[in-house]
Amino acid sequence: MIHKKFLLVALINLLIWPMASVAKDYAPSKVEMELTQVSDHVYYVQGKAGIATDNEGFISNAGVVITDEGVILFDALGTPSLAQKLMGLIAKKTDQPVKKVIVSHYHADHVYGLQVFKEAGAEIIAPSGSELYIDSPNAENRLQERRVSLFPWVDDDTRLVRPDVYVDQSMVFTLGGVEFNVTHLGDAHSDADLMLYVLPDRVLLSGDIIFEGRVPFVGSANTKNWLKTLEKLETDNVQALIPGHGPAASEPAQAITMTKNYLAFLRQAMGAAVDEMMSFSEAYDEVDWSDFNQLPAFDEANRRNAYQVYLSLEAEALGQ
Ligand SMILES: [Zn+2]
């Protein structure tokens with residue numbers, strides 16, 4: 001009898017275990033999210049405007065490319081709960097599994113959803129150089145901070161998922177007859193950035209290197225590389241651009257030009273100040289910001305951006 005009872009328990013465990021390991025309990029998300037189609041194969045969800053901890057952390061975009069042989073994602077959103085919600089939206093459009101997640105860069109608002117897709121069997125692809133962030137104390141500190149500021153959507157079970165594949169320069173692949181081009185941009189907006197181009201649809205998913213209709217967040221970016229990339233970007237053929245934040249640009253060339261002009265202006269204005277050995281605050285007050293001061297996020301971002309560029313140009317001038 002004992003044997004039979006033991007067997008029964010073992011059998012029940014065997015039945016329950018796979019279900020338990022598939023259906024993870026993530027905190028339910030109430031934030032509104034909808035999948036918007038921009039071309040034959042490409043859709044995206046648009047994060048809300050606001051700071052990182054507003055709207056359950058739903059502040060960044062994710063791209064979804066649906067083919068007959070699987071789904072490719074671009075970025076993974078800022079919490080596992082959001083990622084699970086996105087999975088639900090994708091399942092309403094297609095039976096195809098998510099095959100790959102291409103990560104534009106390892107910043108918190110784009111990566112904490114990765115574990116959901118990884119658990120579902122997707123391959124994670126990221127720019128080489130991402131490991132600089134992943135292995136830094138910053139990454140651990142940020143996660144600890146979000147476990148508090150975004151609880152319960154980010155909690156002790158939330159983890160930073162490492163890439164399966166690092167892209168060095170570029171990577172081209174085809175899935176379901178759709179050709180994809182992944183380009184490494186170097187350390188532009190972060191330690192390592194990449195963008196994805198969906199060739200037949202002529203849709204560019206840019207991550208945070210191009211901002212639509214607002215002053216970019218420069219952070220610790222290498223503005224020299226960033227600018228060079230934008231200058232090189234061949235935009236004539238691009239039909240639509242999905243940035244890392246904000247709506248898809250209907251005039252991609254304009255969005256690219258705006259970001260480019262802003263960075264070039266910052267470098268030129270702060271470069272002149274460094275050449276003349278002016279102090280930052282003196283230089284900042286003297287610059288005519290009228291081309292940009294009407295743009296959203298100018299008040300929040302511009303002075304800090306200018307200071308960061310001033311410091312980096314000073315370092316360049318000193319040969320550091
Ligand atoms: Zn971002």
# chains A, B, ... in the order shown; residues from 1 in each chain; ligands from 1
>>> closest_atom_pairs(of="chain A", to="ligand 1", cutoff="12 Å", atoms="only C-alpha atoms and all ligand atoms", output="tab-separated table")
residue	atom	partner	partner_atom_place_in_ligand_line	distance
A:Gln46	CA	ligand 1	1 (Zn)	11.9
A:Gly47	CA	ligand 1	1 (Zn)	9.9
A:Lys48	CA	ligand 1	1 (Zn)	11.7
A:Ala49	CA	ligand 1	1 (Zn)	11.3
A:Gly50	CA	ligand 1	1 (Zn)	11.5
A:Ile51	CA	ligand 1	1 (Zn)	10.5
A:Ala52	CA	ligand 1	1 (Zn)	8.9
A:Gly57	CA	ligand 1	1 (Zn)	11.1
A:Phe58	CA	ligand 1	1 (Zn)	10.6
A:Ile59	CA	ligand 1	1 (Zn)	7.8
A:Ser60	CA	ligand 1	1 (Zn)	5.8
A:Asn61	CA	ligand 1	1 (Zn)	8.3
A:Ala62	CA	ligand 1	1 (Zn)	10.6
A:Asp75	CA	ligand 1	1 (Zn)	9.8
A:Ala76	CA	ligand 1	1 (Zn)	11.1
A:Leu77	CA	ligand 1	1 (Zn)	9.4
A:Gly78	CA	ligand 1	1 (Zn)	9.4
A:Val103	CA	ligand 1	1 (Zn)	11.2
A:Ser104	CA	ligand 1	1 (Zn)	9.1
A:His105	CA	ligand 1	1 (Zn)	8.3
A:Tyr106	CA	ligand 1	1 (Zn)	9.0
A:His107	CA	ligand 1	1 (Zn)	6.4
A:Ala108	CA	ligand 1	1 (Zn)	7.8
A:Asp109	CA	ligand 1	1 (Zn)	5.7
A:His110	CA	ligand 1	1 (Zn)	6.2
A:Val111	CA	ligand 1	1 (Zn)	9.7
A:His189	CA	ligand 1	1 (Zn)	9.2
A:Ser190	CA	ligand 1	1 (Zn)	9.7
A:Asp193	CA	ligand 1	1 (Zn)	11.1
A:Ser206	CA	ligand 1	1 (Zn)	10.8
A:Gly207	CA	ligand 1	1 (Zn)	7.2
A:Asp208	CA	ligand 1	1 (Zn)	5.6
A:Ile209	CA	ligand 1	1 (Zn)	9.2
A:Ile210	CA	ligand 1	1 (Zn)	10.5
A:Phe211	CA	ligand 1	1 (Zn)	9.9
A:Pro216	CA	ligand 1	1 (Zn)	10.1
A:Phe217	CA	ligand 1	1 (Zn)	8.7
A:Val218	CA	ligand 1	1 (Zn)	10.8
A:Gly219	CA	ligand 1	1 (Zn)	10.7
A:Pro243	CA	ligand 1	1 (Zn)	9.3
A:Gly244	CA	ligand 1	1 (Zn)	5.8
A:His245	CA	ligand 1	1 (Zn)	6.5
A:Gly246	CA	ligand 1	1 (Zn)	10.2
>>> residues_around(residues="region 268-282 of chain A", least_positions_apart="6", cutoff="8 Å", atoms="only C-alpha atoms", output="number ranges by chain")
A: 306-307, 309-310, 313-314, 317
>>> atom_distance(atom1="CA of Glu119 (chain A)", atom2="CA of Met87 (chain A)")
11.8 Å
>>> select_by_dssp(residues="region 38-233 of chain A", states="helix (DSSP H, G or I)", output="MDAnalysis selection string")
chainID A and resid 55:57 80:93 108:111 114:119 130:134 137:149 223:232
>>> residues_around(residues="region 68-73 of chain A", least_positions_apart="2", cutoff="9 Å", atoms="only C-alpha atoms", output="list of chain:residue names")
A:Ala62, A:Gly63, A:Val64, A:Val65, A:Ile66, A:Asp75, A:Ala76, A:Ile90, A:Thr94, A:Asp95, A:Gln96, A:Pro97, A:Val98, A:Lys99, A:Lys100, A:Val101, A:Ile102, A:Val103, A:Ala122, A:Leu175, A:Gly176, A:Gly177
>>> atom_distance(atom1="CA of Ala83 (chain A)", atom2="CA of Val215 (chain A)")
27.3 Å
>>> select_by_dssp(residues="region 43-78 of chain A", states="strand (DSSP E or B)", output="PyMOL selection string")
chain A and resi 43-45+62-67+70-74
>>> write_last_selection(atoms="C-alpha atoms", output="mmCIF file, in the first residue's frame")
data_model
loop_
_atom_site.group_PDB
_atom_site.id
_atom_site.type_symbol
_atom_site.label_atom_id
_atom_site.label_comp_id
_atom_site.auth_asym_id
_atom_site.auth_seq_id
_atom_site.Cartn_x
_atom_site.Cartn_y
_atom_site.Cartn_z
ATOM 1 C CA TYR A 43 4.201 46.093 -34.998
ATOM 2 C CA TYR A 44 5.174 47.862 -31.799
ATOM 3 C CA VAL A 45 3.906 48.768 -28.352
ATOM 4 C CA ALA A 62 9.164 47.158 -27.992
ATOM 5 C CA GLY A 63 9.092 46.152 -31.657
ATOM 6 C CA VAL A 64 7.391 42.953 -32.821
ATOM 7 C CA VAL A 65 8.102 41.458 -36.233
ATOM 8 C CA ILE A 66 5.734 38.633 -37.166
ATOM 9 C CA THR A 67 6.795 36.179 -39.881
ATOM 10 C CA GLY A 70 8.405 32.901 -35.925
ATOM 11 C CA VAL A 71 8.424 36.263 -34.192
ATOM 12 C CA ILE A 72 11.400 38.577 -33.694
ATOM 13 C CA LEU A 73 11.264 41.070 -30.851
ATOM 14 C CA PHE A 74 13.208 44.269 -30.505
#
>>> atom_distance(atom1="CA of Val165 (chain A)", atom2="CA of Lys85 (chain A)")
25.1 Å
>>> residues_around(residues="Leu230 (chain A)", least_positions_apart="6", cutoff="10 Å", atoms="only C-alpha atoms", output="ChimeraX atom specification")
/A:185,188,209-210,256-257,259-261,263
>>> residues_around(residues="region 25-39 of chain A", least_positions_apart="3", cutoff="7 Å", atoms="only C-alpha atoms", output="number ranges by chain")
A: 42-45, 55-56, 80-82, 89, 152-153, 201
